[in-house]
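Q: Provided herewith: data01.cif, mmCIF, C-alpha atoms.
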```cif
data_run
loop_
_atom_site.label_atom_id
_atom_site.label_comp_id
_atom_site.auth_asym_id
_atom_site.auth_seq_id
_atom_site.Cartn_x
_atom_site.Cartn_y
_atom_site.Cartn_z
CA MET A 1 0.11 34.14 11.99
CA GLY A 2 2.51 37.05 11.71
CA VAL A 3 2.29 37.61 7.93
CA GLU A 4 0.66 40.29 5.83
CA GLY A 5 -1.66 40.09 2.85
CA GLU A 6 -4.77 38.18 1.82
CA PRO A 7 -4.90 34.48 2.70
CA GLN A 8 -5.40 32.18 -0.28
CA ILE A 9 -8.20 29.62 -0.39
CA GLY A 10 -6.91 26.04 -0.49
CA ARG A 11 -7.75 22.46 0.44
CA ILE A 12 -7.24 22.72 4.20
CA GLY A 13 -6.62 25.57 6.64
CA LEU A 14 -3.03 25.92 7.87
CA LYS A 15 -4.02 25.60 11.53
CA ASP A 16 -6.06 22.46 10.76
CA LEU A 17 -3.12 20.96 8.90
CA MET A 18 -0.74 21.67 11.76
CA GLU A 19 -3.20 20.16 14.26
CA LYS A 20 -3.99 17.03 12.24
CA GLY A 21 -0.50 16.63 10.83
CA ILE A 22 -1.80 15.13 7.60
CA TYR A 23 -3.85 15.91 4.51
CA GLN A 24 -4.70 13.02 2.21
CA VAL A 25 -5.51 13.82 -1.43
CA PRO A 26 -8.80 12.11 -2.35
CA ARG A 27 -8.24 9.56 -5.10
CA SER A 28 -10.60 7.61 -7.34
CA PRO A 29 -9.97 5.03 -10.07
CA GLY A 30 -9.12 6.70 -13.38
CA ASP A 31 -8.59 10.14 -11.84
CA LYS A 32 -6.15 12.65 -13.30
CA PHE A 33 -3.42 11.83 -10.75
CA THR A 34 -2.46 8.50 -12.35
CA TYR A 35 0.87 8.84 -14.15
CA THR A 36 3.00 6.10 -15.66
CA ALA A 37 6.61 7.20 -16.30
CA GLY A 38 7.97 6.17 -19.68
CA LYS A 39 4.54 4.99 -20.81
CA ALA A 40 5.17 5.56 -24.52
CA PHE A 41 8.54 3.77 -24.36
CA ARG A 42 6.98 0.83 -22.54
CA GLU A 43 4.21 0.47 -25.07
CA ASP A 44 6.45 0.72 -28.14
CA PRO A 45 10.19 0.91 -27.37
CA ALA A 46 11.17 0.83 -31.08
CA ALA A 47 8.97 3.78 -32.04
CA ASN A 48 9.60 5.75 -28.81
CA PRO A 49 13.28 5.36 -27.87
CA LEU A 50 14.60 7.01 -24.69
CA SER A 51 17.19 9.78 -24.95
CA THR A 52 20.08 7.41 -24.03
CA VAL A 53 22.73 6.45 -26.63
CA SER A 54 21.12 3.04 -27.13
CA GLY A 55 17.57 4.36 -26.87
CA LYS A 56 16.95 1.83 -24.11
CA LEU A 57 17.19 1.77 -20.32
CA GLU A 58 20.91 1.40 -19.57
CA ILE A 59 21.86 -0.54 -16.44
CA HIS A 60 25.50 0.12 -17.29
CA CYS A 61 25.60 3.58 -18.87
CA GLN A 62 28.89 4.30 -20.69
CA ALA A 63 28.00 7.96 -21.17
CA LEU A 64 27.61 8.39 -17.40
CA ALA A 65 30.84 6.43 -16.69
CA ASP A 66 32.74 8.67 -19.14
CA ILE A 67 31.56 11.82 -17.35
CA ILE A 68 32.54 10.43 -13.95
CA ALA A 69 35.95 9.31 -15.27
CA MET A 70 36.47 12.80 -16.67
CA TYR A 71 36.15 14.15 -13.11
CA GLY A 72 38.98 11.79 -12.12
CA LEU A 73 36.76 9.50 -10.05
CA THR A 74 36.54 5.69 -10.19
CA THR A 75 33.71 4.09 -12.14
CA THR A 76 31.66 0.96 -11.54
CA PRO A 77 32.65 -1.88 -13.90
CA PRO A 78 29.79 -3.17 -16.09
CA ILE A 79 30.29 -6.75 -14.86
CA ALA A 80 30.01 -7.34 -11.10
CA GLN A 81 33.35 -7.72 -9.35
CA TYR A 82 34.51 -7.53 -5.76
CA ARG A 83 36.27 -4.22 -5.13
CA ARG A 84 37.92 -3.56 -1.81
CA PRO A 85 36.06 -0.72 -0.07
CA VAL A 86 37.58 1.94 2.15
CA GLU A 87 37.19 0.81 5.79
CA GLY A 88 35.64 -2.53 4.85
CA VAL A 89 36.37 -5.88 6.44
CA GLU A 90 40.02 -5.85 5.36
CA ASP A 91 40.66 -2.65 7.31
CA THR A 92 39.55 -4.26 10.57
CA TYR A 93 42.77 -6.28 10.40
CA SER A 94 46.27 -4.93 11.00
CA ASP A 95 47.57 -8.12 9.34
CA TRP A 96 45.07 -9.48 6.81
CA ASP A 97 47.17 -12.53 5.80
CA ASN A 98 47.57 -13.75 9.37
CA LYS A 99 44.10 -12.52 10.42
CA VAL A 100 45.34 -10.31 13.23
CA LYS A 101 42.67 -7.77 14.18
CA GLY A 102 43.71 -4.12 14.31
CA GLU A 103 42.78 -1.11 16.38
CA TYR A 104 39.23 -0.86 14.93
CA PRO A 105 38.12 -4.51 14.74
CA LEU A 106 34.37 -4.18 14.25
CA GLN A 107 32.53 -3.30 11.04
CA VAL A 108 29.72 -0.81 11.49
CA MET A 109 26.44 -1.22 9.68
CA ASN A 110 24.10 1.78 9.86
CA PRO A 111 20.51 0.67 9.22
CA HIS A 112 17.53 2.94 8.82
CA ASN A 113 16.18 3.19 12.34
CA PHE A 114 12.40 2.91 12.81
CA ARG A 115 12.46 6.09 14.86
CA ARG A 116 13.24 8.46 12.01
CA SER A 117 13.22 8.94 8.27
CA HIS A 118 16.96 9.57 7.90
CA SER A 119 17.10 12.47 10.38
CA VAL A 120 13.48 13.62 10.07
CA PHE A 121 11.44 13.41 13.30
CA ASP A 122 14.41 12.42 15.44
CA ASN A 123 13.39 15.10 17.94
CA ILE A 124 10.02 13.55 18.97
CA PRO A 125 10.14 12.23 22.59
CA GLN A 126 7.54 9.48 21.96
CA LEU A 127 9.61 8.16 19.07
CA ARG A 128 12.79 8.41 21.15
CA LYS A 129 11.09 6.37 23.88
CA ALA A 130 10.13 3.70 21.35
CA PHE A 131 13.59 3.49 19.78
CA PRO A 132 16.43 4.60 22.05
CA GLN A 133 19.16 4.90 19.37
CA GLU A 134 20.93 1.92 20.82
CA CYS A 135 23.83 0.14 19.15
CA TRP A 136 23.67 -3.60 18.47
CA ILE A 137 26.55 -5.88 19.45
CA ASN A 138 26.84 -9.67 19.29
CA PRO A 139 27.03 -11.51 22.66
CA LEU A 140 30.47 -12.93 21.80
CA ASP A 141 31.92 -9.46 21.14
CA ALA A 142 30.06 -8.06 24.14
CA LYS A 143 31.36 -10.72 26.50
CA GLU A 144 35.00 -9.98 25.50
CA ARG A 145 34.38 -6.37 26.50
CA GLY A 146 32.31 -6.96 29.63
CA ILE A 147 29.28 -5.29 28.04
CA GLN A 148 25.64 -6.07 28.89
CA THR A 149 22.37 -4.77 27.47
CA GLY A 150 21.71 -1.28 28.81
CA ASP A 151 25.38 -0.42 29.44
CA THR A 152 26.60 2.89 28.01
CA VAL A 153 29.41 2.18 25.56
CA LEU A 154 32.04 4.34 23.89
CA ILE A 155 32.34 3.80 20.15
CA ARG A 156 35.55 5.07 18.52
CA SER A 157 36.49 5.23 14.86
CA ARG A 158 39.53 6.69 13.12
CA TRP A 159 37.52 9.93 12.82
CA GLY A 160 35.28 10.46 15.88
CA LYS A 161 33.67 9.17 19.04
CA VAL A 162 30.10 8.58 20.18
CA VAL A 163 28.45 7.10 23.26
CA ARG A 164 25.23 5.07 23.19
CA PRO A 165 23.38 2.36 25.15
CA ALA A 166 24.28 -1.15 24.02
CA TYR A 167 21.80 -3.84 22.98
CA VAL A 168 23.40 -7.27 23.12
CA THR A 169 21.71 -9.47 20.53
CA ASP A 170 22.35 -12.45 18.28
CA GLN A 171 20.53 -10.61 15.50
CA VAL A 172 23.91 -9.18 14.45
CA MET A 173 26.85 -11.36 13.44
CA PRO A 174 30.05 -11.47 15.51
CA GLY A 175 32.46 -8.84 14.20
CA VAL A 176 29.62 -6.61 13.04
CA PHE A 177 28.13 -3.72 14.94
CA THR A 178 25.06 -1.65 14.06
CA LEU A 179 24.09 1.92 14.85
CA GLY A 180 21.10 3.57 13.16
CA GLU A 181 21.86 6.50 10.83
CA GLY A 182 20.35 9.96 11.25
CA ALA A 183 20.50 10.90 14.93
CA TRP A 184 20.71 14.64 15.72
CA VAL A 185 24.26 15.34 16.87
CA GLU A 186 24.61 16.34 20.52
CA MET A 187 28.30 17.10 20.91
CA ASP A 188 29.84 17.24 24.36
CA GLU A 189 32.36 19.92 23.47
CA ALA A 190 34.58 19.33 26.49
CA LEU A 191 34.99 15.61 25.79
CA GLY A 192 34.76 15.80 22.01
CA ILE A 193 32.17 13.03 22.07
CA ASP A 194 28.78 13.01 20.34
CA LYS A 195 26.20 11.79 22.89
CA ALA A 196 23.46 11.29 20.30
CA GLY A 197 25.34 8.69 18.29
CA ALA A 198 25.12 10.28 14.85
CA THR A 199 26.93 7.86 12.56
CA ASN A 200 28.33 10.79 10.57
CA THR A 201 30.49 11.54 13.62
CA LEU A 202 32.21 8.18 13.03
CA ASN A 203 32.71 8.64 9.29
CA GLY A 204 35.70 10.20 7.59
CA THR A 205 35.61 12.47 4.56
CA HIS A 206 36.41 10.03 1.76
CA LEU A 207 36.13 11.15 -1.83
CA THR A 208 34.62 8.26 -3.76
CA GLY A 209 33.49 7.49 -7.26
CA GLN A 210 30.53 5.93 -8.97
CA GLY A 211 28.22 3.68 -6.96
CA GLU A 212 30.13 4.07 -3.70
CA GLU A 213 28.66 5.51 -0.54
CA PRO A 214 31.61 5.98 1.80
CA TRP A 215 29.49 6.39 4.92
CA ASN A 216 28.38 2.76 4.55
CA THR A 217 31.77 1.32 5.48
CA CYS A 218 33.36 2.18 8.77
CA ASN A 219 35.46 0.39 11.36
CA VAL A 220 35.11 0.95 15.10
CA GLN A 221 36.27 -0.23 18.48
CA VAL A 222 33.76 -0.45 21.31
CA GLU A 223 34.34 -0.42 25.05
CA LYS A 224 32.39 0.13 28.22
CA TRP A 225 31.99 3.80 29.04
CA THR A 226 33.45 4.71 32.41
CA GLY A 227 32.15 8.28 32.52
CA THR A 228 28.71 9.55 33.60
CA PRO A 229 26.05 7.05 32.42
CA LEU A 230 23.98 8.34 29.53
CA GLU A 231 20.41 9.44 30.24
CA PRO A 232 17.86 7.97 27.78
CA ASP A 233 17.50 10.52 25.02
CA TYR A 234 13.69 10.75 25.27
CA LEU A 235 14.33 12.68 28.49
CA TRP A 236 16.65 15.24 26.86
CA PRO A 237 15.19 18.74 26.33
CA GLN A 238 13.36 18.73 23.03
CA ARG A 239 15.05 20.66 20.22
CA ILE A 240 12.55 22.42 17.96
CA PRO A 241 14.50 24.24 15.24
CA ILE A 242 11.59 26.27 13.86
CA LYS A 243 9.32 27.84 16.42
CA GLU A 244 5.75 28.88 15.68
CA ALA A 245 5.06 32.59 15.27
CA MET B 1 -23.62 -14.76 27.73
CA ALA B 2 -22.52 -11.13 27.72
CA LYS B 3 -20.55 -10.00 24.72
CA GLN B 4 -16.86 -9.37 25.37
CA LYS B 5 -14.86 -6.94 23.27
CA ALA B 6 -11.45 -8.37 22.45
CA PHE B 7 -8.23 -7.55 20.60
CA TYR B 8 -6.80 -9.75 17.86
CA PHE B 9 -3.05 -9.63 17.22
CA ASP B 10 -1.24 -11.29 14.32
CA SER B 11 2.34 -11.85 15.48
CA SER B 12 3.27 -13.49 12.17
CA ALA B 13 3.05 -10.15 10.36
CA CYS B 14 4.30 -7.81 13.10
CA THR B 15 7.54 -5.99 12.23
CA GLY B 16 7.97 -4.40 15.67
CA CYS B 17 7.68 -0.90 14.19
CA LYS B 18 5.71 0.40 17.22
CA VAL B 19 3.35 2.58 15.18
CA CYS B 20 0.57 1.12 17.36
CA GLN B 21 2.35 2.29 20.50
CA VAL B 22 2.98 5.78 19.15
CA ALA B 23 -0.49 6.17 17.59
CA CYS B 24 -2.01 5.40 20.99
CA GLN B 25 0.24 8.01 22.63
CA ASP B 26 -0.81 10.50 19.95
CA LYS B 27 -4.54 9.85 20.25
CA ASN B 28 -4.49 10.05 24.05
CA ASN B 29 -1.93 12.87 24.28
CA LEU B 30 0.33 10.73 26.43
CA PRO B 31 3.81 11.81 27.50
CA ALA B 32 6.68 9.75 26.10
CA SER B 33 7.02 7.63 29.26
CA LEU B 34 3.39 6.39 29.35
CA LEU B 35 2.87 3.32 27.17
CA TRP B 36 -0.76 2.19 27.11
CA ARG B 37 0.31 -0.11 24.29
CA ARG B 38 3.75 -1.71 24.41
CA VAL B 39 5.70 -3.70 21.87
CA PHE B 40 8.05 -6.42 23.11
CA HIS B 41 10.81 -8.02 21.07
CA TYR B 42 11.47 -11.64 22.03
CA GLY B 43 14.21 -13.83 20.66
CA GLY B 44 17.06 -16.26 21.19
CA GLY B 45 19.51 -18.65 19.62
CA SER B 46 23.25 -18.26 19.18
CA TRP B 47 26.22 -18.21 16.81
CA VAL B 48 28.61 -21.18 16.52
CA GLN B 49 32.02 -21.61 14.92
CA GLN B 50 31.81 -23.36 11.56
CA GLY B 51 35.25 -23.70 10.02
CA GLU B 52 36.62 -20.19 9.56
CA THR B 53 33.31 -18.39 9.97
CA MET B 54 30.47 -18.10 12.45
CA ALA B 55 27.09 -19.60 11.62
CA PRO B 56 23.67 -18.90 13.14
CA ASN B 57 22.25 -21.63 15.39
CA ASN B 58 18.46 -21.58 15.89
CA LEU B 59 18.35 -17.80 15.76
CA PHE B 60 14.91 -16.30 16.06
CA ALA B 61 13.22 -13.05 16.99
CA TYR B 62 9.66 -11.72 16.81
CA SER B 63 7.56 -8.91 18.23
CA VAL B 64 4.43 -8.87 20.36
CA SER B 65 2.20 -5.82 20.68
CA THR B 66 0.06 -5.73 23.82
CA ALA B 67 -2.14 -3.13 25.49
CA CYS B 68 -4.81 -4.06 28.05
CA GLN B 69 -6.47 -7.44 27.63
CA HIS B 70 -9.80 -6.32 29.17
CA CYS B 71 -9.72 -9.64 30.96
CA ALA B 72 -12.73 -11.78 31.86
CA ASN B 73 -11.09 -12.06 35.28
CA PRO B 74 -9.46 -8.65 35.77
CA VAL B 75 -7.17 -8.91 38.79
CA CYS B 76 -6.64 -5.14 38.63
CA ARG B 77 -10.29 -4.67 39.60
CA ASP B 78 -10.00 -7.28 42.34
CA VAL B 79 -7.12 -5.56 44.12
CA CYS B 80 -8.25 -1.93 43.74
CA PRO B 81 -9.00 -0.58 47.24
CA THR B 82 -11.29 2.23 46.03
CA ALA B 83 -13.28 0.28 43.40
CA ALA B 84 -11.94 2.67 40.78
CA ILE B 85 -11.71 -0.11 38.20
CA SER B 86 -14.85 -1.55 36.64
CA LYS B 87 -15.80 -3.78 33.74
CA ARG B 88 -18.44 -2.46 31.32
CA ALA B 89 -21.23 -4.57 29.85
CA ASP B 90 -19.21 -4.83 26.64
CA GLY B 91 -16.24 -6.20 28.60
CA ILE B 92 -14.04 -3.12 28.41
CA VAL B 93 -12.19 -2.53 31.70
CA VAL B 94 -11.84 1.12 32.69
CA ILE B 95 -10.19 3.10 35.48
CA ASP B 96 -12.16 5.96 37.01
CA ALA B 97 -9.54 8.67 37.55
CA GLU B 98 -11.79 10.43 40.07
CA LYS B 99 -11.72 7.43 42.40
CA CYS B 100 -8.13 6.37 41.81
CA ILE B 101 -5.71 7.22 44.62
CA GLY B 102 -2.61 6.13 42.75
CA CYS B 103 -1.70 3.31 45.15
CA ARG B 104 -0.41 1.22 42.19
CA TYR B 105 -1.82 -2.12 43.46
CA CYS B 106 -3.31 -2.74 40.04
CA GLN B 107 0.14 -2.24 38.50
CA TRP B 108 1.54 -4.90 40.86
CA ALA B 109 -1.28 -7.31 40.12
CA CYS B 110 -1.53 -7.06 36.34
CA PRO B 111 0.69 -9.68 34.69
CA TYR B 112 0.73 -7.70 31.41
CA GLY B 113 1.98 -4.32 32.63
CA ALA B 114 -1.19 -2.59 31.41
CA PRO B 115 -1.81 -0.08 34.23
CA GLN B 116 0.67 2.77 34.01
CA PHE B 117 1.20 5.45 36.65
CA ASN B 118 0.76 9.01 35.38
CA GLU B 119 3.44 10.98 37.28
CA GLU B 120 1.73 14.34 36.79
CA ALA B 121 -1.87 13.39 37.54
CA LYS B 122 -0.77 10.89 40.24
CA VAL B 123 -3.34 8.32 39.08
CA MET B 124 -3.22 5.01 37.23
CA THR B 125 -4.07 4.99 33.55
CA LYS B 126 -4.31 2.31 30.89
CA CYS B 127 -5.69 1.34 27.53
CA ASN B 128 -9.44 2.02 27.42
CA PHE B 129 -9.95 0.26 24.08
CA CYS B 130 -10.67 3.73 22.61
CA TYR B 131 -14.26 3.25 23.75
CA ASP B 132 -14.98 6.87 22.82
CA LEU B 133 -14.06 6.03 19.20
CA GLN B 134 -15.90 2.71 19.30
CA ASP B 135 -19.04 4.49 20.50
CA GLN B 136 -18.90 6.50 17.25
CA GLY B 137 -18.48 3.32 15.21
CA LEU B 138 -14.77 3.98 14.68
CA ASN B 139 -11.77 1.72 15.29
CA PRO B 140 -9.27 1.99 18.16
CA ALA B 141 -6.28 4.14 17.15
CA CYS B 142 -3.80 1.24 17.25
CA VAL B 143 -5.95 -0.92 14.95
CA ASP B 144 -6.11 1.81 12.32
CA ALA B 145 -2.44 2.71 12.64
CA CYS B 146 -0.86 -0.73 12.14
CA VAL B 147 0.87 -0.67 8.77
CA MET B 148 0.85 -4.48 8.53
CA ARG B 149 -2.81 -4.82 9.56
CA CYS B 150 -1.79 -6.98 12.53
CA LEU B 151 -4.39 -5.61 14.90
CA ASP B 152 -8.12 -6.17 14.85
CA PHE B 153 -10.89 -6.12 17.44
CA GLY B 154 -14.44 -7.31 17.93
CA ASP B 155 -16.48 -9.87 19.82
CA LEU B 156 -14.22 -12.43 21.52
CA GLU B 157 -16.23 -15.47 20.41
CA GLU B 158 -16.32 -14.27 16.80
CA LEU B 159 -12.58 -13.64 16.83
CA ARG B 160 -11.99 -17.12 18.27
CA GLN B 161 -14.07 -18.72 15.56
CA LYS B 162 -12.15 -16.79 12.93
CA TYR B 163 -8.59 -17.04 14.31
CA GLY B 164 -8.51 -19.81 16.93
CA ASN B 165 -8.14 -19.98 20.67
CA LEU B 166 -4.51 -19.01 21.27
CA ASP B 167 -4.39 -16.24 23.88
CA ALA B 168 -0.72 -16.21 24.86
CA ILE B 169 2.82 -16.52 23.44
CA GLU B 170 6.16 -15.53 25.00
CA PRO B 171 6.76 -13.04 26.53
CA LEU B 172 3.09 -12.77 27.57
CA PRO B 173 1.98 -14.74 30.63
CA THR B 174 -0.28 -17.78 30.19
CA GLY B 175 -3.96 -16.98 29.83
CA GLU B 176 -5.41 -18.90 32.77
CA ILE B 177 -4.26 -16.23 35.25
CA THR B 178 -6.62 -13.45 34.18
CA GLU B 179 -8.45 -14.87 31.13
CA PRO B 180 -7.45 -12.15 28.63
CA ALA B 181 -9.88 -11.16 25.90
CA LEU B 182 -7.17 -11.70 23.33
CA VAL B 183 -6.72 -13.87 20.25
CA ILE B 184 -3.27 -14.33 18.73
CA THR B 185 -1.97 -15.74 15.47
CA PRO B 186 1.53 -16.91 16.39
CA HIS B 187 4.71 -15.93 14.57
CA LYS B 188 6.33 -18.95 12.92
CA HIS B 189 9.04 -18.87 15.61
CA ALA B 190 6.67 -18.03 18.46
CA GLN B 191 7.30 -19.88 21.69
CA MET B 192 4.49 -20.88 24.01
CA SER B 193 4.22 -18.92 27.23
CA GLY B 194 6.07 -20.58 30.10
CA GLN B 195 8.19 -22.70 27.74
CA GLY B 196 10.34 -20.02 26.20
CA THR B 197 14.04 -20.52 25.53
CA GLY B 198 14.64 -16.90 24.53
CA ARG B 199 14.44 -13.61 26.35
CA ILE B 200 12.94 -10.13 26.09
CA LEU B 201 15.32 -8.16 23.88
CA ASN B 202 14.09 -4.61 24.56
CA LEU B 203 16.33 -2.23 26.45
CA PRO B 204 14.98 -1.63 29.98
CA GLU B 205 14.32 2.06 29.20
CA GLU B 206 12.11 1.15 26.23
CA VAL B 207 9.21 -0.50 28.04
#
```
Can the structure from this file be put into structure tokens for me?
A:
Amino acid sequence: MGVEGEPQIGRIGLKDLMEKGIYQVPRSPGDKFTYTAGKAFREDPAANPLSTVSGKLEIHCQALADIIAMYGLTTTPPIAQYRRPVEGVEDTYSDWDNKVKGEYPLQVMNPHNFRRSHSVFDNIPQLRKAFPQECWINPLDAKERGIQTGDTVLIRSRWGKVVRPAYVTDQVMPGVFTLGEGAWVEMDEALGIDKAGATNTLNGTHLTGQGEEPWNTCNVQVEKWTGTPLEPDYLWPQRIPIKEA
Amino acid sequence: MAKQKAFYFDSSACTGCKVCQVACQDKNNLPASLLWRRVFHYGGGSWVQQGETMAPNNLFAYSVSTACQHCANPVCRDVCPTAAISKRADGIVVIDAEKCIGCRYCQWACPYGAPQFNEEAKVMTKCNFCYDLQDQGLNPACVDACVMRCLDFGDLEELRQKYGNLDAIEPLPTGEITEPALVITPHKHAQMSGQGTGRILNLPEEV
């Protein structure tokens, strides 16, 4: 294996684990692996308070809000309110009052694609075949742009560009556009376009405060790609970052 | 009457995650392009203007996982010029790679897309019901892999008694063509084969 020293004895040999890809810990009812977090607090909250200021679970935690405010960041109010996000629906309009759409009229949603766990296992050809990292567009938006299922489309945001195959479907609302998060970036350096469709390529670097995830709001424009059609990514050479010894 | 091994598929619980497809590829060491089991997404409906917003109008979508139906009337066997395809006593339909000349007639004939051409070996291949696992008393790889427990298998008559007689929903063809050994529990939005108002939603490169 290319290492020195005595091998340790364990549950499963390393080669076996790499071949099978899985080791399942045997469980039985009442075994030592059962753990209930906060058990004492649950059984008697008065006698076993938590280490919060109130001694209870805090859905709004003032102590946490104070720390975040001290850093100069915005905090989440304790009572639910609408707060305008960066690059939300309002930013798809150049004139909100008169409802005139701007340069980036579609809102991107970036769901967790079945093909990966965030970015883990994105490099497996069989998984790429099953889920081609397509983008979803509503038929009404697609028709305006002359886009059909299978067409390669160019997706542009204020921050970056990607190309991907389009999937025209009513499962997404008009005005909304989805692209799964976590693809492994494949930048075409000459064109400055990411062929893999990593949603991070489309996001800007926004500093945000409590409870905000800036990569979840993004505005884009989509058009038919007039360059070389994209090859399905299960046919791309497989990238294996860590090679076996 | 000879026993017939059959698949059961519960479309009402299928999420379209394709674990069944990938588990089959894993077990049989298939390249990415060979799909002995395939998962189709089928759906339809539209969006209509409602005041200032758009509202969904009869929107629906569901998934169907299909491999080989090990048909009672396997047209693949009928058209094979070298008799490479045979039906075992337990109903499982198998391709003998030694006899196959890769003419692809079975691929043309099968209404389910089960026979798949192996580009490297230049022969036809398809789901073999994991008969090697079944012979050891184990389950087919897809049945064990399904996270929603949608897939089951067993004797066709027993499955029919348990789950009913439905053997087709869109986008599968109707059952009278090849008499598939298949029992389906329909999704609540499932459309009957031949009467569908939706369409296959998969990208062409997916299936």
Q: For the file shown, report as a ChimeraX atom specification the outcome of the PyMOL selection byres ((chain A) within 9 of (chain B)) at residue level.
A: /A:114-115,124-132,134,138-140,149-150,165-171,173-174,232,234-235
Q: Which is closer to B:Ile200 than all the others in B:Val64, B:Ala72, B:Leu159, B:Ala97, using all atoms listed in the file?
A: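 Checking each of B:Val64, B:Ala72, B:Leu159, B:Ala97 against B:Ile200, counting all atoms listed in the file, the winner is B:Val64.
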Q: Might you pull out every residue within 10 Å of A:Gly175, with all atoms listed in the file counted and same-chain residues fewer than 6 positions away left off, and present them as an mmCIF file with C-alpha atoms, in the frame of the given file?
A:
```cif
data_model
loop_
_atom_site.group_PDB
_atom_site.id
_atom_site.type_symbol
_atom_site.label_atom_id
_atom_site.label_comp_id
_atom_site.auth_asym_id
_atom_site.auth_seq_id
_atom_site.Cartn_x
_atom_site.Cartn_y
_atom_site.Cartn_z
ATOM 1 C CA VAL A 89 36.370 -5.880 6.440
ATOM 2 C CA THR A 92 39.550 -4.260 10.570
ATOM 3 C CA PRO A 105 38.120 -4.510 14.740
ATOM 4 C CA LEU A 106 34.370 -4.180 14.250
ATOM 5 C CA GLN A 107 32.530 -3.300 11.040
ATOM 6 C CA VAL A 108 29.720 -0.810 11.490
ATOM 7 C CA ILE A 137 26.550 -5.880 19.450
ATOM 8 C CA ASN A 138 26.840 -9.670 19.290
ATOM 9 C CA LEU A 140 30.470 -12.930 21.800
ATOM 10 C CA ASP A 141 31.920 -9.460 21.140
ATOM 11 C CA MET B 54 30.470 -18.100 12.450
#
```
Q: Tell me, as a ChimeraX atom specification, which residues lie within 12 Å of B:Cys14, counting only C-alpha atoms; anything in the same chain fewer than 5 positions away does not count.
A: /B:9,19-20,39-41,61-66,146-151,184-188,190
Q: For the atom pair atom CA of A:Ala37 and atom CA of A:Thr75, what is the interatomic distance in Å to one decimal place?
A: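 Distance reported for this atom pair: 27.6 Å.
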Q: Would you fill out stretch 230-243 of chain A with N, CA and C atoms and return it as a PDB file, in the coordinates of the input?
A:
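rebuild_15.pdb was written with the following content:
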```
ATOM      1  N   LEU A 230      24.803   7.540  30.420  1.00  0.00           N
ATOM      2  CA  LEU A 230      23.980   8.340  29.530  1.00  0.00           C
ATOM      3  C   LEU A 230      22.520   8.262  29.958  1.00  0.00           C
ATOM      4  N   GLU A 231      21.844   9.431  29.988  1.00  0.00           N
ATOM      5  CA  GLU A 231      20.410   9.440  30.240  1.00  0.00           C
ATOM      6  C   GLU A 231      19.685   9.070  28.952  1.00  0.00           C
ATOM      7  N   PRO A 232      18.599   8.282  29.020  1.00  0.00           N
ATOM      8  CA  PRO A 232      17.860   7.970  27.780  1.00  0.00           C
ATOM      9  C   PRO A 232      17.487   9.244  27.042  1.00  0.00           C
ATOM     10  N   ASP A 233      17.634   9.249  25.718  1.00  0.00           N
ATOM     11  CA  ASP A 233      17.500  10.520  25.020  1.00  0.00           C
ATOM     12  C   ASP A 233      16.054  11.011  24.878  1.00  0.00           C
ATOM     13  N   TYR A 234      15.057  10.205  25.297  1.00  0.00           N
ATOM     14  CA  TYR A 234      13.690  10.750  25.270  1.00  0.00           C
ATOM     15  C   TYR A 234      13.479  11.732  26.426  1.00  0.00           C
ATOM     16  N   LEU A 235      14.427  11.748  27.365  1.00  0.00           N
ATOM     17  CA  LEU A 235      14.330  12.680  28.490  1.00  0.00           C
ATOM     18  C   LEU A 235      15.110  13.970  28.241  1.00  0.00           C
ATOM     19  N   TRP A 236      15.891  14.022  27.146  1.00  0.00           N
ATOM     20  CA  TRP A 236      16.650  15.240  26.860  1.00  0.00           C
ATOM     21  C   TRP A 236      15.676  16.355  26.493  1.00  0.00           C
ATOM     22  N   PRO A 237      16.052  17.634  26.761  1.00  0.00           N
ATOM     23  CA  PRO A 237      15.190  18.740  26.330  1.00  0.00           C
ATOM     24  C   PRO A 237      14.941  18.658  24.833  1.00  0.00           C
ATOM     25  N   GLN A 238      13.685  18.886  24.441  1.00  0.00           N
ATOM     26  CA  GLN A 238      13.360  18.730  23.030  1.00  0.00           C
ATOM     27  C   GLN A 238      13.888  19.901  22.220  1.00  0.00           C
ATOM     28  N   ARG A 239      14.564  19.596  21.098  1.00  0.00           N
ATOM     29  CA  ARG A 239      15.050  20.660  20.220  1.00  0.00           C
ATOM     30  C   ARG A 239      14.044  20.876  19.108  1.00  0.00           C
ATOM     31  N   ILE A 240      13.495  22.089  19.029  1.00  0.00           N
ATOM     32  CA  ILE A 240      12.550  22.420  17.960  1.00  0.00           C
ATOM     33  C   ILE A 240      13.162  23.547  17.151  1.00  0.00           C
ATOM     34  N   PRO A 241      13.740  23.225  15.981  1.00  0.00           N
ATOM     35  CA  PRO A 241      14.500  24.240  15.240  1.00  0.00           C
ATOM     36  C   PRO A 241      13.657  25.411  14.776  1.00  0.00           C
ATOM     37  N   ILE A 242      12.402  25.167  14.397  1.00  0.00           N
ATOM     38  CA  ILE A 242      11.590  26.270  13.860  1.00  0.00           C
ATOM     39  C   ILE A 242      10.422  26.455  14.799  1.00  0.00           C
ATOM     40  N   LYS A 243      10.402  27.586  15.465  1.00  0.00           N
ATOM     41  CA  LYS A 243       9.320  27.840  16.420  1.00  0.00           C
ATOM     42  C   LYS A 243       8.141  28.478  15.700  1.00  0.00           C
TER      43      LYS A 243
END
```
